[in-house]
Amino acid sequence: NGGVEEQLYPSSYNNVYRVAASTNTDAMAGFSSYGLDVDYAAPGNNVYSTTNGTGYGPMSGTSMASPVSAGAAALIQSYFNYTNAFQIGEKMKQTCDPMTGAQYTAGKLGKGRIDVNNALTQAAKSLCMNPITIVDGNDNIFMPNENLSITGTFINYLDPSSSSATATLSIVSGGTYATITQGNFSIGALATLGTTNNTSQPFTVSILNTAPVNQLIKFKVAITDGAFTGNQYFDITVNVDYLNITINDVFTTVTSKGRVGYNLDGQQQGLGFQYQVPSPTDLLYEMSLMVGTSSAKVSDMFREATTGNNDFASTTRVFKVTPSVVSDFDADGKFNDAPSASGALPVDVHHSAYAWSTAPYRKFVIFKYVIKNSGTTPLTNLYAGLMADWDIVNAGQNKSAYDATNEMGYCFDISSPAGLYSAIKCLTNLSTVNNYCVDNVAGGNGGVDPTTSFSTALKYTVLSTPRNADGYGAGGGDVMDCVSNGPFTINAGDSVTVAFALIGGDNLVDIQTSACAAQDKWDGGCTGFGVNEIENDNFWMLSYPNPATSSLTINYNVVGYNDAAIRIMNSLGEVVLTQNNISMGRNTFSLDVSKLNQGNYFYQLKAGNAVITKKFTVIH
């Protein structure tokens with residue numbers, strides 16, 4: 001109802017029919033949004049209906065047009081009994097009446113105003129290309145001088161097509177920065193629900209080296225078959241300043257300017273934080289690094305009201321390190337807070353991301369930030385953390401809490417049997433680890449209230465003070481969470497390193513296991529040491545807490561090996577504890593280390609010729 005040309009979600013998602021509102025003269029209602037992704041219009045102005053509370057009256061809005069089209073869809077289906085839902089939508093779309101006005105003429109009201117009589121009585125064709133796949137032959141990050149291959153499945157939803165059916169690719173906007181090198185495909189004759197594809201003859205596009213950063217290019221696929229014409233639109237963003245990480249069970253996006261998951265507001269440009277098991281599910285709405293020294297000075301990219309701050313700017317665009325040094329996927333870049341409207345701290349941030357493709361390291365990505373004081377005076381009371389607005393399955397039924405043992409803030413969904421979990425674990429404990437659970441509801445339920453304005457002062461509160469559980473009852477609600485490290489004093493020219501693991505999992509034990517694995521990688525590969533003779537998907541081990549005081553919990557997996565045992569050795573290599581004949585498979589158990597002297601020890605998993613040895617510390 002913005003009255004402007006715009007894309008809005010979920011209506012602009014693929015596989016969704018987007019409905020504009022029309023008047024009784026078949027013009028577009030003045031309040032209705034419009035655009036090339038609109039499929040059709042339906043009556044939405046002064047529609048007589050039930051009213052809120054009691055009674056009847058005229059109502060206007062696209063919220064009237066959408067149910068009118070839903071009712072029309074029900075009538076169409078009751079008559080034809082289609083086997084594919086798209087047949088219903090396409091029958092309604094392809095039998096519309098024409099409208100008046102510039103928006104309709106420009107193709108921004110779709111096929112026009114729906115007409116149920118036409119839909120029930122007229123023949124209609126509908127050829128669509130869905131899904132559309134775009135690849136560049138390597139990382140699918142579309143950069144200048146790359147050649148793109150565009151393929152898809154062409155499906156005929158309604159009456160059979162003729163042998164002359166064709167598809168043509170063209171550029172609607174941004175054509176200055178791309179060239180179509182092959183844009184035609186002969187679809188040919190297809191029976192109802194028949195399919196074909198252009199895999200053997202893909203559309204091809206070259207990205208020019210003049211393309212600006214994050215340039216949007218809009219394409220059109222025009223399908224024709226005699227009198228039938230159908231246009232489909234899709235966008236490609238080229239020369240991007242972000243990377244998608246997709247090598248394990250959590251897909252996410254690292255940006256060049258402090259955001260995580262998405263490069264822009266409104267879940268745009270990026271993968272979010274997708275947990276892939278058993279099927280891809282995005283758990284995140286928004287995430288950003290926050291760095292602050294007081295209630296008046298916090299630099300971040302997280303929203304204050306409805307849109308994000310823009311306090312960070314890239315100084316070195318994030319890039320994939322090839323070959324990788326630390327993990328199976330290393331990313332690196334730099335940014336600073338020079339654009340900060342509230343006054344730069346000032347800081348320069350050298351950031352890195354690490355991801356692994358083998359168990360037990362498949363369910364997390366590590367983000368590392370080296371924060372340098374680029375000013376001339378010390379920065380005191382500095383906290384740095386990741387602020388996340390989690391939306392797990394049903395965002396209105398989420399809970400958040402803190403696992404002090406693993407220094408991990410986590411959130412989970414209570415409405416689904418899957419019970420998915422997400423977490424931010426602090427890997428650096430040079431100072432206090434802080435967790436703040438935010439109730440994203442008016443009033444804040446006893447915590448900060450981010451709904452009106454998530455101000456700089458409130459952001460510093462969540463960075464620097466603890467709130468280790470949400471204020472919702474058992475039913476849960478919409479939650480956010482911040483995990484941070486601090487306070488630090490950074491002298492001019494000096495720096496401090498903070499690091500976090502972003503984790504997805506099936507339950508609390510699952511994310512705790514990954515938290516241990518992430519700490520193991522951080523201590524043993526990213527900034528420290530580790531001793532691993534043999535480790536693979538079927539043979540691995542990790543422990544927590546480290547340092548340990550009274551007990552050491554060991555998670556391990558042994559598949560395809562015999563006579564497995566775990567033993568504890570002191571720094572001289574002398575065996576001080578042994579657990580023989582441990583169970584095969586993936587298991588967890590605890591060893592009592594309360595009687596061991598303080599100091600450094602090794603824990604070792606041995607099965608046949610396979611051995612893993614790792615280090616831990618005992619303190620009392």
# chains A, B, ... in the order shown; residues from 1 in each chain; ligands from 1

call {"tool": "residues_around", "arguments": {"residues": "Thr95 in chain A", "least_positions_apart": "6", "cutoff": "9 Å", "atoms": "only C-alpha atoms", "output": "MDAnalysis selection string"}}
result
chainID A and resid 111:119 122:124

call {"tool": "residues_around", "arguments": {"residues": "range 266-270 of chain A", "least_positions_apart": "2", "cutoff": "8 Å", "atoms": "only C-alpha atoms", "output": "ChimeraX atom specification"}}
result
/A:242,244,252-253,261-264,272,285-286

call {"tool": "write_last_selection", "arguments": {"atoms": "N, CA and C atoms", "output": "PDB file, in the first residue's frame"}}
result
ATOM      1  N   TYR A 242      30.678  -8.936  -0.926  1.00  0.00           N
ATOM      2  CA  TYR A 242      30.416  -9.933   0.099  1.00  0.00           C
ATOM      3  C   TYR A 242      30.721 -11.319  -0.461  1.00  0.00           C
ATOM      4  N   ASN A 244      29.690 -15.602  -0.064  1.00  0.00           N
ATOM      5  CA  ASN A 244      28.848 -16.650   0.492  1.00  0.00           C
ATOM      6  C   ASN A 244      29.712 -17.834   0.901  1.00  0.00           C
ATOM      7  N   THR A 252      26.294 -19.113   5.188  1.00  0.00           N
ATOM      8  CA  THR A 252      26.146 -17.729   5.612  1.00  0.00           C
ATOM      9  C   THR A 252      26.931 -16.826   4.684  1.00  0.00           C
ATOM     10  N   THR A 253      26.851 -15.529   4.933  1.00  0.00           N
ATOM     11  CA  THR A 253      27.493 -14.514   4.100  1.00  0.00           C
ATOM     12  C   THR A 253      28.353 -13.616   4.961  1.00  0.00           C
ATOM     13  N   GLY A 261      25.571 -12.335   7.349  1.00  0.00           N
ATOM     14  CA  GLY A 261      24.347 -12.963   6.850  1.00  0.00           C
ATOM     15  C   GLY A 261      23.750 -12.240   5.666  1.00  0.00           C
ATOM     16  N   TYR A 262      23.550 -10.928   5.802  1.00  0.00           N
ATOM     17  CA  TYR A 262      22.989 -10.115   4.718  1.00  0.00           C
ATOM     18  C   TYR A 262      23.799  -8.838   4.562  1.00  0.00           C
ATOM     19  N   ASN A 263      23.975  -8.424   3.310  1.00  0.00           N
ATOM     20  CA  ASN A 263      24.759  -7.227   3.027  1.00  0.00           C
ATOM     21  C   ASN A 263      23.953  -5.951   3.175  1.00  0.00           C
ATOM     22  N   LEU A 264      22.613  -6.060   3.034  1.00  0.00           N
ATOM     23  CA  LEU A 264      21.737  -4.896   3.108  1.00  0.00           C
ATOM     24  C   LEU A 264      20.601  -5.158   4.088  1.00  0.00           C
ATOM     25  N   GLY A 272      21.818 -15.117   4.713  1.00  0.00           N
ATOM     26  CA  GLY A 272      21.382 -15.182   6.095  1.00  0.00           C
ATOM     27  C   GLY A 272      22.262 -16.143   6.864  1.00  0.00           C
ATOM     28  N   TYR A 285      17.471 -12.988  10.896  1.00  0.00           N
ATOM     29  CA  TYR A 285      16.941 -11.808  10.227  1.00  0.00           C
ATOM     30  C   TYR A 285      18.043 -10.775   9.999  1.00  0.00           C
ATOM     31  N   GLU A 286      18.919 -10.577  10.995  1.00  0.00           N
ATOM     32  CA  GLU A 286      19.926  -9.519  10.886  1.00  0.00           C
ATOM     33  C   GLU A 286      21.034  -9.783  11.894  1.00  0.00           C
TER      34      GLU A 286
END

call {"tool": "residues_around", "arguments": {"residues": "Ser49 in chain A", "least_positions_apart": "6", "cutoff": "12 Å", "atoms": "only C-alpha atoms", "output": "short mmCIF file (atom, residue, chain, number, x, y, z; two decimals) with N, CA, C and O atoms, in the first residue's frame"}}
result
data_model
loop_
_atom_site.label_atom_id
_atom_site.label_comp_id
_atom_site.auth_asym_id
_atom_site.auth_seq_id
_atom_site.Cartn_x
_atom_site.Cartn_y
_atom_site.Cartn_z
N GLY A 55 -19.83 -6.09 12.50
CA GLY A 55 -20.49 -5.35 11.42
C GLY A 55 -19.83 -5.48 10.08
O GLY A 55 -18.92 -6.29 9.86
N TYR A 56 -20.30 -4.64 9.14
CA TYR A 56 -19.84 -4.65 7.76
C TYR A 56 -19.57 -3.22 7.31
O TYR A 56 -20.12 -2.26 7.86
N GLY A 57 -18.72 -3.09 6.31
CA GLY A 57 -18.45 -1.76 5.79
C GLY A 57 -17.45 -1.82 4.65
O GLY A 57 -16.86 -2.87 4.38
N PRO A 58 -17.27 -0.70 3.94
CA PRO A 58 -16.31 -0.66 2.83
C PRO A 58 -14.88 -0.56 3.36
O PRO A 58 -14.60 0.20 4.28
N MET A 59 -14.00 -1.34 2.77
CA MET A 59 -12.58 -1.31 3.14
C MET A 59 -11.74 -1.22 1.87
O MET A 59 -12.14 -1.73 0.81
N SER A 60 -10.59 -0.58 1.98
CA SER A 60 -9.69 -0.44 0.83
C SER A 60 -8.29 -0.88 1.22
O SER A 60 -7.85 -0.69 2.35
N GLY A 61 -7.59 -1.48 0.24
CA GLY A 61 -6.21 -1.90 0.48
C GLY A 61 -5.88 -3.13 -0.33
O GLY A 61 -6.76 -3.85 -0.81
N SER A 63 -4.86 -5.62 0.98
CA SER A 63 -5.37 -6.69 1.84
C SER A 63 -6.81 -7.05 1.50
O SER A 63 -7.32 -8.07 1.98
N MET A 64 -7.46 -6.27 0.70
CA MET A 64 -8.76 -6.65 0.14
C MET A 64 -8.56 -7.35 -1.21
O MET A 64 -9.24 -8.34 -1.53
N ALA A 65 -7.62 -6.85 -2.01
CA ALA A 65 -7.37 -7.45 -3.33
C ALA A 65 -6.86 -8.88 -3.21
O ALA A 65 -7.26 -9.75 -3.99
N PRO A 67 -7.40 -11.32 -0.84
CA PRO A 67 -8.43 -12.35 -0.62
C PRO A 67 -9.44 -12.46 -1.76
O PRO A 67 -10.00 -13.54 -1.96
N VAL A 68 -9.68 -11.38 -2.49
CA VAL A 68 -10.54 -11.50 -3.67
C VAL A 68 -9.91 -12.47 -4.67
O VAL A 68 -10.57 -13.35 -5.23
#

call {"tool": "closest_atom_pairs", "arguments": {"of": "range 275-324 of chain A", "to": "range 424-438 of chain A", "cutoff": "12 Å", "atoms": "only C-alpha atoms", "output": "tab-separated table"}}
result
residue	atom	partner	partner_atom	distance
A:Leu284	CA	A:Ile424	CA	12.0
A:Met287	CA	A:Ile424	CA	10.8
A:Leu289	CA	A:Ile424	CA	12.0

call {"tool": "residues_around", "arguments": {"residues": "Ile155 in chain A", "least_positions_apart": "2", "cutoff": "6 Å", "atoms": "only C-alpha atoms", "output": "list in words"}}
result
Leu127, Cys128, Gly194 and Thr195 of chain A

call {"tool": "closest_residue", "arguments": {"among": "A:Ala548, A:Ala401, A:Met541, A:Val4", "to": "Ala359 in chain A", "atoms": "only C-alpha atoms"}}
result
A:Met541

call {"tool": "closest_residue", "arguments": {"among": "A:Cys411, A:Val254, A:Ala517, A:Val347", "to": "Asp391 in chain A", "atoms": "only C-alpha atoms"}}
result
A:Cys411

call {"tool": "atom_distance", "arguments": {"atom1": "CA of Thr376 in chain A", "atom2": "CA of Val496 in chain A"}}
result
16.0 Å

call {"tool": "residues_around", "arguments": {"residues": "Ala442 in chain A", "least_positions_apart": "5", "cutoff": "10 Å", "atoms": "only C-alpha atoms", "output": "MDAnalysis selection string"}}
result
chainID A and resid 448:452

call {"tool": "write_last_selection", "arguments": {"atoms": "C-alpha atoms", "output": "PDB file, in the first residue's frame"}}
result
ATOM      1  CA  VAL A 448      15.947  -2.974  26.835  1.00  0.00           C
ATOM      2  CA  ASP A 449      13.138  -2.063  24.440  1.00  0.00           C
ATOM      3  CA  PRO A 450      14.494  -2.072  20.849  1.00  0.00           C
ATOM      4  CA  THR A 451      11.153  -1.633  19.107  1.00  0.00           C
ATOM      5  CA  THR A 452      10.845   2.168  19.024  1.00  0.00           C
TER       6      THR A 452
END

call {"tool": "residues_around", "arguments": {"residues": "range 235-237 of chain A", "least_positions_apart": "2", "cutoff": "7 Å", "atoms": "only C-alpha atoms", "output": "PyMOL selection string"}}
result
chain A and resi 214-219+240

call {"tool": "write_last_selection", "arguments": {"atoms": "N, CA, C and O atoms", "output": "PDB file, in the first residue's frame"}}
result
ATOM      1  N   ASN A 214      28.297  -3.664  -6.280  1.00  0.00           N
ATOM      2  CA  ASN A 214      26.902  -4.014  -5.990  1.00  0.00           C
ATOM      3  C   ASN A 214      25.928  -3.453  -7.021  1.00  0.00           C
ATOM      4  O   ASN A 214      24.854  -2.962  -6.681  1.00  0.00           O
ATOM      5  N   GLN A 215      26.311  -3.566  -8.280  1.00  0.00           N
ATOM      6  CA  GLN A 215      25.451  -3.090  -9.361  1.00  0.00           C
ATOM      7  C   GLN A 215      24.337  -4.096  -9.635  1.00  0.00           C
ATOM      8  O   GLN A 215      24.583  -5.276  -9.868  1.00  0.00           O
ATOM      9  N   LEU A 216      23.092  -3.619  -9.616  1.00  0.00           N
ATOM     10  CA  LEU A 216      21.939  -4.459  -9.908  1.00  0.00           C
ATOM     11  C   LEU A 216      21.642  -4.419 -11.404  1.00  0.00           C
ATOM     12  O   LEU A 216      21.535  -3.346 -11.991  1.00  0.00           O
ATOM     13  N   ILE A 217      21.508  -5.600 -12.001  1.00  0.00           N
ATOM     14  CA  ILE A 217      21.134  -5.713 -13.408  1.00  0.00           C
ATOM     15  C   ILE A 217      19.847  -6.516 -13.480  1.00  0.00           C
ATOM     16  O   ILE A 217      19.766  -7.626 -12.945  1.00  0.00           O
ATOM     17  N   LYS A 218      18.819  -5.943 -14.115  1.00  0.00           N
ATOM     18  CA  LYS A 218      17.514  -6.597 -14.215  1.00  0.00           C
ATOM     19  C   LYS A 218      17.344  -7.194 -15.614  1.00  0.00           C
ATOM     20  O   LYS A 218      17.551  -6.516 -16.616  1.00  0.00           O
ATOM     21  N   PHE A 219      16.958  -8.463 -15.641  1.00  0.00           N
ATOM     22  CA  PHE A 219      16.785  -9.183 -16.894  1.00  0.00           C
ATOM     23  C   PHE A 219      15.316  -9.543 -17.112  1.00  0.00           C
ATOM     24  O   PHE A 219      14.536  -9.647 -16.164  1.00  0.00           O
ATOM     25  N   VAL A 240      30.043  -7.708  -6.348  1.00  0.00           N
ATOM     26  CA  VAL A 240      29.553  -7.611  -4.973  1.00  0.00           C
ATOM     27  C   VAL A 240      30.701  -7.476  -3.982  1.00  0.00           C
ATOM     28  O   VAL A 240      31.836  -7.892  -4.240  1.00  0.00           O
TER      29      VAL A 240
END

call {"tool": "residues_around", "arguments": {"residues": "Arg259 in chain A", "least_positions_apart": "2", "cutoff": "6 Å", "atoms": "only C-alpha atoms", "output": "PyMOL selection string"}}
result
chain A and resi 255+257+287-288

call {"tool": "write_last_selection", "arguments": {"atoms": "N, CA and C atoms", "output": "short mmCIF file (atom, residue, chain, number, x, y, z; two decimals), in the first residue's frame"}}
result
data_model
loop_
_atom_site.label_atom_id
_atom_site.label_comp_id
_atom_site.auth_asym_id
_atom_site.auth_seq_id
_atom_site.Cartn_x
_atom_site.Cartn_y
_atom_site.Cartn_z
N THR A 255 30.32 -10.06 4.87
CA THR A 255 30.30 -8.82 4.09
C THR A 255 31.58 -8.04 4.32
N LYS A 257 31.64 -4.94 5.44
CA LYS A 257 31.44 -3.79 6.31
C LYS A 257 30.73 -4.15 7.62
N MET A 287 22.29 -9.44 11.52
CA MET A 287 23.42 -9.55 12.46
C MET A 287 24.49 -8.55 12.08
N SER A 288 25.16 -8.01 13.11
CA SER A 288 26.24 -7.04 12.87
C SER A 288 27.24 -7.05 14.02
#
